>>> print(open('entry32.cif').read())   # mmCIF, C-alpha atoms and all ligand atoms
data_coords
#
loop_
_atom_site.label_atom_id
_atom_site.label_comp_id
_atom_site.auth_asym_id
_atom_site.auth_seq_id
_atom_site.Cartn_x
_atom_site.Cartn_y
_atom_site.Cartn_z
CA MET S 779 73.18 87.03 177.99
CA SER S 780 74.31 86.40 181.54
CA LYS S 781 74.33 82.68 181.97
CA LYS S 782 73.04 81.16 185.20
CA HIS S 783 74.17 77.86 186.67
CA ASN S 784 71.06 75.79 186.11
CA PHE S 785 70.62 72.98 188.63
CA GLY S 786 66.88 72.70 187.87
CA ALA S 787 65.21 69.29 187.79
CA GLY S 788 63.73 69.82 184.35
CA PRO S 789 63.10 71.02 181.75
CA CYS S 790 66.81 71.28 181.87
CA ILE S 791 69.90 72.87 180.53
CA LEU S 792 71.06 71.86 177.02
CA PRO S 793 74.44 72.67 175.45
CA GLN S 794 74.86 76.33 174.51
CA GLU S 795 75.69 75.35 170.89
CA VAL S 796 72.38 73.51 170.68
CA PHE S 797 70.48 76.56 171.93
CA GLN S 798 72.23 78.63 169.27
CA GLU S 799 71.54 76.24 166.39
CA ALA S 800 67.94 75.82 167.53
CA SER S 801 67.36 79.56 167.65
CA GLN S 802 68.86 79.90 164.18
CA ALA S 803 66.41 77.30 162.84
CA VAL S 804 63.49 79.24 164.33
CA LEU S 805 64.48 82.02 161.92
CA ASP S 806 65.65 79.96 158.98
CA PHE S 807 65.32 76.24 158.35
CA ASN S 808 65.87 75.88 154.59
CA GLY S 809 63.97 79.13 153.95
CA LEU S 810 61.15 78.56 156.44
CA SER S 811 61.06 78.61 160.23
CA ILE S 812 61.32 75.18 161.87
CA LEU S 813 58.11 76.27 163.64
CA GLU S 814 56.14 76.53 160.39
CA VAL S 815 57.58 73.67 158.38
CA SER S 816 55.25 70.82 157.40
CA HIS S 817 55.95 67.65 159.31
CA ARG S 818 55.37 65.79 156.03
CA SER S 819 57.99 67.83 154.18
CA LYS S 820 61.09 66.08 152.90
CA ASP S 821 63.24 68.25 155.18
CA PHE S 822 61.41 67.35 158.36
CA VAL S 823 61.05 63.66 157.49
CA ALA S 824 64.85 63.68 157.22
CA VAL S 825 65.07 65.26 160.70
CA MET S 826 62.82 62.58 162.19
CA GLU S 827 64.87 59.83 160.57
CA GLU S 828 68.13 61.32 161.74
CA ALA S 829 66.82 61.74 165.30
CA GLN S 830 65.77 58.07 165.37
CA ASN S 831 69.08 56.92 163.90
CA LEU S 832 71.09 59.02 166.35
CA VAL S 833 69.20 57.50 169.30
CA LYS S 834 70.16 54.09 167.93
CA LYS S 835 73.76 55.14 167.46
CA ALA S 836 74.13 56.82 170.86
CA LEU S 837 72.70 53.85 172.76
CA ASN S 838 73.88 51.02 170.47
CA VAL S 839 70.28 49.96 169.98
CA PRO S 840 70.36 46.44 168.53
CA ASP S 841 68.43 45.29 165.46
CA GLY S 842 64.87 44.35 166.23
CA TYR S 843 64.11 47.51 168.19
CA SER S 844 62.25 50.62 167.03
CA VAL S 845 62.67 54.21 168.15
CA ILE S 846 59.44 56.21 168.37
CA PHE S 847 58.80 59.85 169.25
CA LEU S 848 55.37 60.65 170.70
CA GLN S 849 53.73 63.33 172.82
CA GLY S 850 52.12 63.12 176.25
CA GLY S 851 55.28 62.93 178.35
CA ALA S 852 56.32 60.00 180.48
CA SER S 853 53.01 60.46 182.30
CA LEU S 854 51.15 59.14 179.27
CA GLY S 855 53.96 56.61 178.94
CA PHE S 856 52.86 55.08 182.26
CA LEU S 857 49.55 54.17 180.61
CA ILE S 858 50.90 53.37 177.15
CA THR S 859 53.44 50.89 178.50
CA ALA S 860 50.87 49.09 180.65
CA MET S 861 48.37 48.87 177.80
CA ASN S 862 50.91 47.63 175.27
CA MET S 863 52.62 45.15 177.60
CA ALA S 864 49.45 43.57 179.04
CA ARG S 865 49.27 39.88 178.19
CA GLU S 866 47.08 36.92 179.11
CA ASN S 867 47.37 37.35 182.89
CA LYS S 868 46.82 41.12 182.88
CA LYS S 869 49.19 41.26 185.81
CA ALA S 870 52.41 43.20 186.23
CA ALA S 871 55.17 43.55 188.84
CA TYR S 872 56.36 47.03 189.80
CA ILE S 873 59.26 48.16 191.94
CA ASN S 874 58.21 51.26 193.83
CA THR S 875 61.16 53.63 194.23
CA GLY S 876 59.22 56.85 194.61
CA GLN S 877 56.62 59.20 193.30
CA TRP S 878 57.07 58.48 189.60
CA ALA S 879 56.99 54.74 190.11
CA SER S 880 53.83 55.20 192.20
CA LYS S 881 52.22 57.13 189.36
CA ALA S 882 53.20 54.39 186.93
CA ILE S 883 51.49 51.86 189.23
CA GLU S 884 48.35 53.98 189.37
CA GLN S 885 48.13 54.16 185.59
CA ALA S 886 48.69 50.42 185.13
CA GLU S 887 45.78 49.84 187.51
CA MET S 888 43.69 52.30 185.53
CA ALA S 889 44.45 50.26 182.43
CA GLY S 890 42.82 47.32 184.23
CA LEU S 891 45.97 45.44 185.24
CA GLU S 892 46.52 43.78 188.56
CA VAL S 893 49.70 45.26 189.97
CA GLU S 894 51.91 43.46 192.42
CA VAL S 895 54.43 45.78 194.08
CA ILE S 896 57.28 43.31 194.50
CA ALA S 897 59.57 45.74 196.32
CA SER S 898 59.31 49.23 197.73
CA SER S 899 61.49 51.59 199.74
CA GLU S 900 58.52 53.68 200.79
CA GLU S 901 58.78 53.03 204.57
CA ASP S 902 62.29 54.46 204.46
CA GLY S 903 61.29 57.57 202.58
CA PHE S 904 62.52 56.10 199.26
CA THR S 905 66.13 56.53 200.34
CA TYR S 906 67.39 53.34 198.71
CA ILE S 907 66.88 51.04 195.74
CA PRO S 908 65.39 47.71 196.83
CA LYS S 909 67.44 44.75 195.65
CA ASP S 910 65.76 41.73 197.18
CA PHE S 911 62.59 40.70 195.50
CA VAL S 912 60.95 37.73 193.93
CA VAL S 913 59.32 38.05 190.54
CA PRO S 914 56.06 36.07 190.45
CA GLU S 915 55.80 33.54 187.63
CA ASP S 916 52.48 34.86 186.39
CA VAL S 917 53.33 38.51 185.65
CA ASP S 918 53.32 39.85 182.10
CA TYR S 919 56.23 42.21 182.74
CA VAL S 920 58.32 43.98 185.38
CA HIS S 921 58.46 47.77 185.57
CA ILE S 922 61.23 49.88 187.10
CA THR S 923 62.18 53.57 187.19
CA SER S 924 65.90 53.84 186.49
CA ASN S 925 66.46 57.12 188.31
CA ASN S 926 64.33 58.66 191.00
CA THR S 927 64.31 62.35 190.11
CA ILE S 928 62.75 63.48 193.38
CA PHE S 929 64.50 61.41 196.06
CA GLY S 930 67.83 61.10 194.23
CA THR S 931 68.25 57.34 193.92
CA GLN S 932 69.39 55.40 190.87
CA PHE S 933 69.63 51.77 189.82
CA LYS S 934 73.39 51.27 189.32
CA SER S 935 72.78 47.97 187.60
CA PHE S 936 69.53 46.60 186.27
CA PRO S 937 67.83 43.54 187.72
CA LYS S 938 67.61 40.31 185.78
CA THR S 939 63.97 39.41 186.17
CA GLY S 940 63.37 36.61 183.68
CA LYS S 941 60.35 38.58 182.47
CA PRO S 942 59.98 41.39 179.93
CA LEU S 943 61.54 44.45 181.54
CA VAL S 944 59.99 47.90 181.13
CA CYS S 945 61.79 51.02 182.29
CA ASP S 946 60.97 54.68 182.77
CA MET S 947 64.34 56.30 182.02
CA SER S 948 63.07 59.88 181.95
CA SER S 949 65.74 61.36 184.16
CA ASP S 950 68.90 59.48 183.25
CA ILE S 951 68.71 58.25 179.67
CA PHE S 952 71.84 59.24 177.67
CA SER S 953 73.70 59.91 180.94
CA ARG S 954 75.42 56.50 181.14
CA GLU S 955 75.98 53.39 179.11
CA PHE S 956 73.58 50.47 179.45
CA ASN S 957 72.50 47.48 177.43
CA VAL S 958 69.27 48.17 175.55
CA ALA S 959 68.85 44.44 174.88
CA ASP S 960 68.11 43.93 178.61
CA PHE S 961 64.83 45.77 178.11
CA ASP S 962 61.65 45.18 176.13
CA LEU S 963 60.43 48.73 176.41
CA ILE S 964 62.11 51.95 177.50
CA TYR S 965 60.40 55.32 177.66
CA ALA S 966 61.49 58.80 178.64
CA GLY S 967 60.20 62.35 178.48
CA ALA S 968 62.66 64.36 176.37
CA GLN S 969 63.08 67.26 178.74
CA LYS S 970 66.09 66.14 180.77
CA ASN S 971 69.01 64.88 178.70
CA LEU S 972 67.42 64.75 175.27
CA GLY S 973 65.76 68.01 174.28
CA PRO S 974 62.97 70.47 174.99
CA ALA S 975 59.71 69.30 176.57
CA GLY S 976 57.17 68.04 174.07
CA ALA S 977 58.59 64.78 172.77
CA THR S 978 58.56 61.44 174.54
CA LEU S 979 60.99 58.78 173.46
CA TYR S 980 60.10 55.08 173.25
CA ILE S 981 62.58 52.33 172.44
CA VAL S 982 60.66 49.13 171.94
CA LYS S 983 61.49 45.58 171.00
CA ASP S 984 59.53 44.95 167.80
CA GLU S 985 58.37 41.53 168.87
CA VAL S 986 56.33 42.91 171.78
CA LEU S 987 54.24 45.16 169.54
CA GLY S 988 50.64 44.39 168.65
CA LYS S 989 50.22 41.71 171.34
CA SER S 990 48.18 43.50 173.98
CA SER S 991 45.56 41.36 175.71
CA LEU S 992 43.36 44.43 176.15
CA GLY S 993 42.01 44.06 172.62
CA VAL S 994 42.04 46.94 170.18
CA LEU S 995 43.77 49.83 171.89
CA PRO S 996 42.78 53.48 171.41
CA THR S 997 44.75 54.38 168.29
CA TYR S 998 47.16 56.90 169.78
CA LEU S 999 47.96 54.57 172.68
CA ASP S 1000 48.93 51.67 170.42
CA LEU S 1001 52.69 51.69 169.91
CA SER S 1002 52.44 49.40 166.89
CA VAL S 1003 50.54 52.16 165.06
CA HIS S 1004 53.34 54.63 165.68
CA GLN S 1005 56.02 52.14 164.75
CA LYS S 1006 54.32 51.40 161.42
CA LYS S 1007 53.83 55.10 160.72
CA GLU S 1008 57.42 55.91 161.71
CA SER S 1009 56.30 58.43 164.37
CA MET S 1010 54.20 60.30 161.80
CA PHE S 1011 50.73 58.96 162.69
CA ASN S 1012 49.79 62.54 163.57
CA THR S 1013 51.72 65.79 163.84
CA PRO S 1014 54.80 65.02 165.91
CA PRO S 1015 56.30 67.61 168.28
CA VAL S 1016 58.37 69.08 165.45
CA PHE S 1017 60.52 71.53 167.39
CA SER S 1018 61.24 69.15 170.24
CA VAL S 1019 62.29 66.39 167.84
CA TYR S 1020 64.44 68.84 165.88
CA VAL S 1021 66.30 70.09 168.95
CA SER S 1022 66.65 66.53 170.27
CA MET S 1023 68.31 65.68 166.97
CA LEU S 1024 70.72 68.62 167.36
CA ASN S 1025 71.48 67.58 170.91
CA LEU S 1026 72.15 63.97 169.90
CA ARG S 1027 74.54 65.17 167.17
CA HIS S 1028 76.32 67.23 169.80
CA LEU S 1029 76.48 64.28 172.22
CA ILE S 1030 77.92 61.94 169.59
CA ASN S 1031 80.42 64.52 168.31
CA ASN S 1032 81.71 64.94 171.86
CA GLY S 1033 82.54 61.34 172.60
CA GLY S 1034 79.02 59.94 172.97
CA VAL S 1035 77.42 58.50 176.06
CA LYS S 1036 80.72 57.01 177.28
CA ALA S 1037 82.46 60.40 177.51
CA GLN S 1038 79.31 61.94 178.95
CA GLU S 1039 79.17 59.27 181.64
CA GLU S 1040 82.77 60.01 182.64
CA LEU S 1041 81.93 63.69 183.00
CA ASN S 1042 78.75 62.91 184.94
CA ASN S 1043 80.76 60.70 187.31
CA LYS S 1044 83.21 63.53 187.93
CA LYS S 1045 80.44 66.01 188.68
CA ALA S 1046 78.74 63.60 191.08
CA GLU S 1047 81.99 62.75 192.85
CA LEU S 1048 82.83 66.41 193.33
CA LEU S 1049 79.49 67.24 194.92
CA TYR S 1050 79.00 64.08 197.01
CA ASN S 1051 82.54 64.45 198.37
CA GLU S 1052 81.72 67.91 199.61
CA ILE S 1053 78.44 66.77 201.17
CA ASP S 1054 80.22 63.88 202.93
CA ASN S 1055 83.16 65.93 204.16
CA ASN S 1056 81.52 69.20 205.08
CA PRO S 1057 79.83 68.97 208.52
CA LYS S 1058 77.37 71.69 207.53
CA PHE S 1059 75.66 69.28 205.09
CA LYS S 1060 74.19 65.81 205.08
CA ALA S 1061 72.63 63.44 202.57
CA SER S 1062 69.77 61.04 203.16
CA VAL S 1063 70.25 58.50 200.41
CA ASN S 1064 72.00 55.14 200.78
CA LYS S 1065 75.52 55.69 199.42
CA GLU S 1066 75.53 52.89 196.87
CA ASP S 1067 72.20 54.03 195.38
CA ARG S 1068 72.99 57.72 195.01
CA SER S 1069 71.86 59.29 191.79
CA ASN S 1070 74.43 60.97 189.57
CA MET S 1071 71.69 63.10 188.05
CA ASN S 1072 69.77 64.42 191.06
CA VAL S 1073 71.72 65.01 194.25
CA VAL S 1074 69.47 65.51 197.27
CA PHE S 1075 71.05 67.05 200.36
CA PHE S 1076 70.19 68.96 203.51
CA LEU S 1077 71.74 71.45 205.89
CA ALA S 1078 72.79 69.87 209.18
CA ASP S 1079 71.43 72.92 211.01
CA GLU S 1080 68.74 74.62 208.95
CA ALA S 1081 67.84 77.20 211.57
CA ALA S 1082 71.42 78.43 211.75
CA ASP S 1083 72.50 78.28 208.13
CA LYS S 1084 69.57 78.36 205.72
CA GLU S 1085 69.33 82.09 205.22
CA ARG S 1086 73.03 82.55 204.55
CA PHE S 1087 73.38 79.49 202.30
CA ASP S 1088 70.38 80.57 200.20
CA GLN S 1089 71.84 84.03 199.88
CA LEU S 1090 75.22 82.65 198.82
CA TRP S 1091 73.97 80.44 196.02
CA ASN S 1092 71.50 83.02 194.77
CA ASP S 1093 74.27 85.60 194.61
CA ALA S 1094 76.46 83.20 192.65
CA GLY S 1095 73.85 82.92 189.89
CA ILE S 1096 72.76 79.39 190.81
CA VAL S 1097 69.14 78.55 190.05
CA GLY S 1098 66.91 75.53 190.63
CA LEU S 1099 68.59 74.26 193.79
CA LYS S 1100 65.51 74.26 195.99
CA GLY S 1101 64.46 70.79 197.16
CA TYR S 1102 61.29 69.12 195.94
CA ARG S 1103 58.27 70.76 197.53
CA THR S 1104 57.28 67.85 199.80
CA LEU S 1105 60.85 66.91 200.70
CA GLY S 1106 62.55 70.20 201.54
CA GLY S 1107 66.31 70.61 201.62
CA TYR S 1108 68.15 70.96 198.33
CA ARG S 1109 68.31 69.09 195.05
CA ALA S 1110 71.14 69.70 192.64
CA SER S 1111 70.15 68.25 189.28
CA MET S 1112 73.22 67.74 187.15
CA TYR S 1113 71.99 66.73 183.74
CA ASN S 1114 74.39 66.14 180.85
CA ALA S 1115 74.85 69.74 179.74
CA LEU S 1116 75.61 71.15 183.19
CA PRO S 1117 79.34 71.94 183.13
CA LEU S 1118 81.74 70.73 185.79
CA GLU S 1119 82.52 74.42 186.44
CA SER S 1120 78.94 74.98 187.65
CA VAL S 1121 79.33 72.16 190.16
CA GLN S 1122 82.61 73.72 191.28
CA VAL S 1123 80.81 77.04 191.87
CA LEU S 1124 78.31 75.27 194.12
CA VAL S 1125 81.01 73.36 195.99
CA ASP S 1126 83.00 76.57 196.56
CA ILE S 1127 79.92 78.14 198.13
CA MET S 1128 79.35 75.14 200.35
CA LYS S 1129 82.95 75.47 201.55
CA LYS S 1130 82.35 79.15 202.31
CA LEU S 1131 79.35 78.52 204.55
N1 LIG O 1201 59.21 59.80 185.35
C1 LIG O 1201 60.27 60.43 185.87
C2 LIG O 1201 61.41 59.61 186.40
C3 LIG O 1201 60.32 61.83 185.89
O1 LIG O 1201 61.38 62.45 186.42
C4 LIG O 1201 59.23 62.56 185.38
C5 LIG O 1201 59.19 64.06 185.34
N2 LIG O 1201 60.15 64.75 185.92
C6 LIG O 1201 58.14 61.86 184.88
C7 LIG O 1201 58.18 60.49 184.86
C8 LIG O 1201 56.95 62.59 184.32
O2 LIG O 1201 57.30 63.05 183.09
P1 LIG O 1201 56.41 64.01 182.18
O3 LIG O 1201 56.38 65.32 182.85
O4 LIG O 1201 57.15 63.98 180.89
O5 LIG O 1201 55.05 63.39 182.08
#
>>> encode(input="entry32.cif", output="structure tokens")
Amino acid sequence: MSKKHNFGAGPCILPQEVFQEASQAVLDFNGLSILEVSHRSKDFVAVMEEAQNLVKKALNVPDGYSVIFLQGGASLGFLITAMNMARENKKAAYINTGQWASKAIEQAEMAGLEVEVIASSEEDGFTYIPKDFVVPEDVDYVHITSNNTIFGTQFKSFPKTGKPLVCDMSSDIFSREFNVADFDLIYAGAQKNLGPAGATLYIVKDEVLGKSSLGVLPTYLDLSVHQKKESMFNTPPVFSVYVSMLNLRHLINNGGVKAQEELNNKKAELLYNEIDNNPKFKASVNKEDRSNMNVVFFLADEAADKERFDQLWNDAGIVGLKGYRTLGGYRASMYNALPLESVQVLVDIMKKL
């Protein structure tokens, strides 16, 4: 197989070894295919348990938190988090750092919550992470998006809000170390750094479960149901959980999140250095808020250089570099499994232009 350099925003590249093990299990997982195995079988229950334990190990999840795998993507997570975190005031504070945060706000409002947007970088095209804001006393929780996949911004440290903190970590979980205890609820679609699309990861502080002020929640949307049933309330996304488990094993066997973060820092430094030093390119994002996962950049002179640059990277076997459809330019997504060598290939091409 000729391997491309995959800079796509997601679903994303996973380690080659994981692809190989996963394909083997499609043919033979203890005598059956992983695609036909019962989710209630002893073998798959063991997979689910291992996946949950490896999440805890990789992120040093403290006691008193549960790891849950659901379906519906982070998009359903927008609604699930609002419904489960709603308390007496039915009011929440959101920091709007881009399209995904805006969708989270929309869903919280659909759940019947009053949303106060306490900070937003919208007027500046979401090119920075707002840092000055006041958290109102009467909100039930604060919601942030750790990494803005589209505009390429990232919280480098997390705000202390004095309120339960909820975070959509879809596009940077497992890419860097952080303190789970700072959060009450974390959620993330699997399809960036965890595994294939299909599973959605929730890490939730047990004490927040079962306290929604919205009354009895629709069963699937109630996280306490899934916690009690150990992610087996209904058929879980078996293959996605299995491959996530393989990927977590691989991550931990290769130095864990700490080693991965060091590699991710190197990749980001290599590419941002080129963007900053090559007059043919420019970046729009505030330097201190630049994402290490999604690097958004533009040509200084599109009319002169676009055709040739596009030809160069296409010829080099690079895929997924096209910018987000409403933003234009380029977006190099550099999730965990993208090798440093792929970033070097891109940088070499940028030098050639
Ligand atoms: N939040 C963020 C930060 C994302 O990047 C994405 C998807 N790329 C989503 C939410 C939506 O996730 P899903 O497609 O799993 O619903």
>>> closest_atom_pairs(input="entry32.cif", of="chain S", to="ligand LIG 1201 (chain O)", cutoff="9 Å", atoms="all atoms listed in the file", output="JSON lines")
{"residue": "S:Ala787", "atom": "CA", "partner": "O:LIG1201", "partner_atom": "N2", "distance": 7.1}
{"residue": "S:Gly788", "atom": "CA", "partner": "O:LIG1201", "partner_atom": "N2", "distance": 6.4}
{"residue": "S:Pro789", "atom": "CA", "partner": "O:LIG1201", "partner_atom": "N2", "distance": 8.1}
{"residue": "S:Gln849", "atom": "CA", "partner": "O:LIG1201", "partner_atom": "O4", "distance": 8.8}
{"residue": "S:Gly850", "atom": "CA", "partner": "O:LIG1201", "partner_atom": "O5", "distance": 6.5}
{"residue": "S:Gly851", "atom": "CA", "partner": "O:LIG1201", "partner_atom": "O4", "distance": 3.3}
{"residue": "S:Ala852", "atom": "CA", "partner": "O:LIG1201", "partner_atom": "O5", "distance": 4.0}
{"residue": "S:Ser853", "atom": "CA", "partner": "O:LIG1201", "partner_atom": "O5", "distance": 3.6}
{"residue": "S:Leu854", "atom": "CA", "partner": "O:LIG1201", "partner_atom": "O5", "distance": 6.4}
{"residue": "S:Gly855", "atom": "CA", "partner": "O:LIG1201", "partner_atom": "O5", "distance": 7.6}
{"residue": "S:Phe856", "atom": "CA", "partner": "O:LIG1201", "partner_atom": "C7", "distance": 8.0}
{"residue": "S:Gly876", "atom": "CA", "partner": "O:LIG1201", "partner_atom": "C2", "distance": 8.9}
{"residue": "S:Gln877", "atom": "CA", "partner": "O:LIG1201", "partner_atom": "C1", "distance": 8.4}
{"residue": "S:Trp878", "atom": "CA", "partner": "O:LIG1201", "partner_atom": "N1", "distance": 4.9}
{"residue": "S:Ala879", "atom": "CA", "partner": "O:LIG1201", "partner_atom": "N1", "distance": 7.3}
{"residue": "S:Lys881", "atom": "CA", "partner": "O:LIG1201", "partner_atom": "C7", "distance": 8.2}
{"residue": "S:Ala882", "atom": "CA", "partner": "O:LIG1201", "partner_atom": "C7", "distance": 8.1}
{"residue": "S:Thr923", "atom": "CA", "partner": "O:LIG1201", "partner_atom": "C2", "distance": 6.1}
{"residue": "S:Ser924", "atom": "CA", "partner": "O:LIG1201", "partner_atom": "C2", "distance": 7.3}
{"residue": "S:Asn925", "atom": "CA", "partner": "O:LIG1201", "partner_atom": "C2", "distance": 5.9}
{"residue": "S:Asn926", "atom": "CA", "partner": "O:LIG1201", "partner_atom": "C2", "distance": 5.5}
{"residue": "S:Thr927", "atom": "CA", "partner": "O:LIG1201", "partner_atom": "O1", "distance": 4.7}
{"residue": "S:Ile928", "atom": "CA", "partner": "O:LIG1201", "partner_atom": "O1", "distance": 7.2}
{"residue": "S:Asp946", "atom": "CA", "partner": "O:LIG1201", "partner_atom": "N1", "distance": 6.0}
{"residue": "S:Met947", "atom": "CA", "partner": "O:LIG1201", "partner_atom": "C2", "distance": 6.2}
{"residue": "S:Ser948", "atom": "CA", "partner": "O:LIG1201", "partner_atom": "C2", "distance": 4.8}
{"residue": "S:Ser949", "atom": "CA", "partner": "O:LIG1201", "partner_atom": "O1", "distance": 5.0}
{"residue": "S:Asp950", "atom": "CA", "partner": "O:LIG1201", "partner_atom": "C2", "distance": 8.1}
{"residue": "S:Tyr965", "atom": "CA", "partner": "O:LIG1201", "partner_atom": "N1", "distance": 9.0}
{"residue": "S:Ala966", "atom": "CA", "partner": "O:LIG1201", "partner_atom": "O4", "distance": 7.1}
{"residue": "S:Gly967", "atom": "CA", "partner": "O:LIG1201", "partner_atom": "O4", "distance": 4.2}
{"residue": "S:Ala968", "atom": "CA", "partner": "O:LIG1201", "partner_atom": "O4", "distance": 7.1}
{"residue": "S:Gln969", "atom": "CA", "partner": "O:LIG1201", "partner_atom": "O4", "distance": 7.1}
{"residue": "S:Lys970", "atom": "CA", "partner": "O:LIG1201", "partner_atom": "N2", "distance": 8.0}
{"residue": "S:Ala975", "atom": "CA", "partner": "O:LIG1201", "partner_atom": "O4", "distance": 7.3}
{"residue": "S:Gly976", "atom": "CA", "partner": "O:LIG1201", "partner_atom": "O4", "distance": 7.9}
{"residue": "S:Ala977", "atom": "CA", "partner": "O:LIG1201", "partner_atom": "O4", "distance": 8.3}
{"residue": "S:Thr978", "atom": "CA", "partner": "O:LIG1201", "partner_atom": "O4", "distance": 7.0}
>>> atom_distance(input="entry32.cif", atom1="CA of Asn838 in chain S", atom2="CA of Asp962 in chain S")
14.7 Å
>>> residues_around(input="entry32.cif", residues="Arg1068 in chain S", least_positions_apart="6", cutoff="10 Å", atoms="only C-alpha atoms", output="PDB file with C-alpha atoms, in the coordinates of the input")
ATOM      1  CA  THR S 905      66.130  56.530 200.340  1.00  0.00           C
ATOM      2  CA  TYR S 906      67.390  53.340 198.710  1.00  0.00           C
ATOM      3  CA  ILE S 907      66.880  51.040 195.740  1.00  0.00           C
ATOM      4  CA  ASN S 925      66.460  57.120 188.310  1.00  0.00           C
ATOM      5  CA  ASN S 926      64.330  58.660 191.000  1.00  0.00           C
ATOM      6  CA  PHE S 929      64.500  61.410 196.060  1.00  0.00           C
ATOM      7  CA  GLY S 930      67.830  61.100 194.230  1.00  0.00           C
ATOM      8  CA  THR S 931      68.250  57.340 193.920  1.00  0.00           C
ATOM      9  CA  GLN S 932      69.390  55.400 190.870  1.00  0.00           C
ATOM     10  CA  PHE S 933      69.630  51.770 189.820  1.00  0.00           C
ATOM     11  CA  LYS S 934      73.390  51.270 189.320  1.00  0.00           C
ATOM     12  CA  ALA S1046      78.740  63.600 191.080  1.00  0.00           C
ATOM     13  CA  TYR S1050      79.000  64.080 197.010  1.00  0.00           C
ATOM     14  CA  ALA S1061      72.630  63.440 202.570  1.00  0.00           C
ATOM     15  CA  SER S1062      69.770  61.040 203.160  1.00  0.00           C
ATOM     16  CA  VAL S1074      69.470  65.510 197.270  1.00  0.00           C
TER      17      VAL S1074
END
>>> atom_distance(input="entry32.cif", atom1="CA of Ser990 in chain S", atom2="CA of Gly890 in chain S")
12.2 Å
>>> atom_distance(input="entry32.cif", atom1="CA of Val1097 in chain S", atom2="CA of Ile791 in chain S")
11.1 Å
>>> residues_around(input="entry32.cif", residues="range 911-918 of chain S", least_positions_apart="3", cutoff="10 Å", atoms="all atoms listed in the file", output="list in words")
Ala860, Met863, Ala864, Arg865, Glu866, Asn867, Lys868, Lys869, Ala870, Ala871, Tyr872, Ile873, Leu891, Glu892, Val893, Glu894, Val895, Ile896, Ala897, Ser898, Pro908, Pro937, Lys938, Thr939, Gly940, Lys941, Pro942 and Leu943 of chain S
>>> residues_around(input="entry32.cif", residues="range 1020-1030 of chain S", least_positions_apart="6", cutoff="8 Å", atoms="all atoms listed in the file", output="ChimeraX atom specification")
/S:792-793,796,799-800,825-826,828-829,832-833,836,968,972-974,1038
>>> closest_residue(input="entry32.cif", among="S:Leu1131, S:Ile981, S:Val1123, S:Ala1037", to="Gly1095 in chain S", atoms="only C-alpha atoms")
S:Val1123
>>> residues_around(input="entry32.cif", residues="Glu1119 in chain S", least_positions_apart="4", cutoff="10 Å", atoms="all atoms listed in the file", output="PyMOL selection string")
chain S and resi 783+1045+1123-1125
>>> build_atoms(input="entry32.cif", residues="range 987-999 of chain S", atoms="N, CA and C atoms", output="compact mmCIF listing (two decimals), keeping the file's coordinate frame")
# COMPACT_ATOMS: atom_id res chain seq x y z
N LEU S 987 55.30 44.28 170.06
CA LEU S 987 54.24 45.16 169.54
C LEU S 987 53.04 44.37 169.03
N GLY S 988 51.86 44.98 169.21
CA GLY S 988 50.64 44.39 168.65
C GLY S 988 50.17 43.14 169.37
N LYS S 989 50.59 42.95 170.63
CA LYS S 989 50.22 41.71 171.34
C LYS S 989 49.43 41.98 172.62
N SER S 990 48.89 43.17 172.74
CA SER S 990 48.18 43.50 173.98
C SER S 990 46.98 42.58 174.17
N SER S 991 46.74 42.19 175.42
CA SER S 991 45.56 41.36 175.71
C SER S 991 44.34 42.23 175.98
N LEU S 992 44.50 43.55 175.87
CA LEU S 992 43.36 44.43 176.15
C LEU S 992 42.52 44.67 174.89
N GLY S 993 42.78 43.92 173.85
CA GLY S 993 42.01 44.06 172.62
C GLY S 993 42.53 45.21 171.79
N VAL S 994 41.62 45.83 171.03
CA VAL S 994 42.04 46.94 170.18
C VAL S 994 42.26 48.16 171.06
N LEU S 995 43.46 48.69 171.02
CA LEU S 995 43.77 49.83 171.89
C LEU S 995 43.32 51.13 171.22
N PRO S 996 43.01 52.17 172.01
CA PRO S 996 42.78 53.48 171.41
C PRO S 996 43.99 53.80 170.51
N THR S 997 43.71 54.32 169.33
CA THR S 997 44.75 54.38 168.29
C THR S 997 46.05 55.03 168.76
N TYR S 998 45.93 56.20 169.42
CA TYR S 998 47.16 56.90 169.78
C TYR S 998 47.96 56.12 170.83
N LEU S 999 47.28 55.28 171.58
CA LEU S 999 47.96 54.57 172.68
C LEU S 999 48.59 53.26 172.23
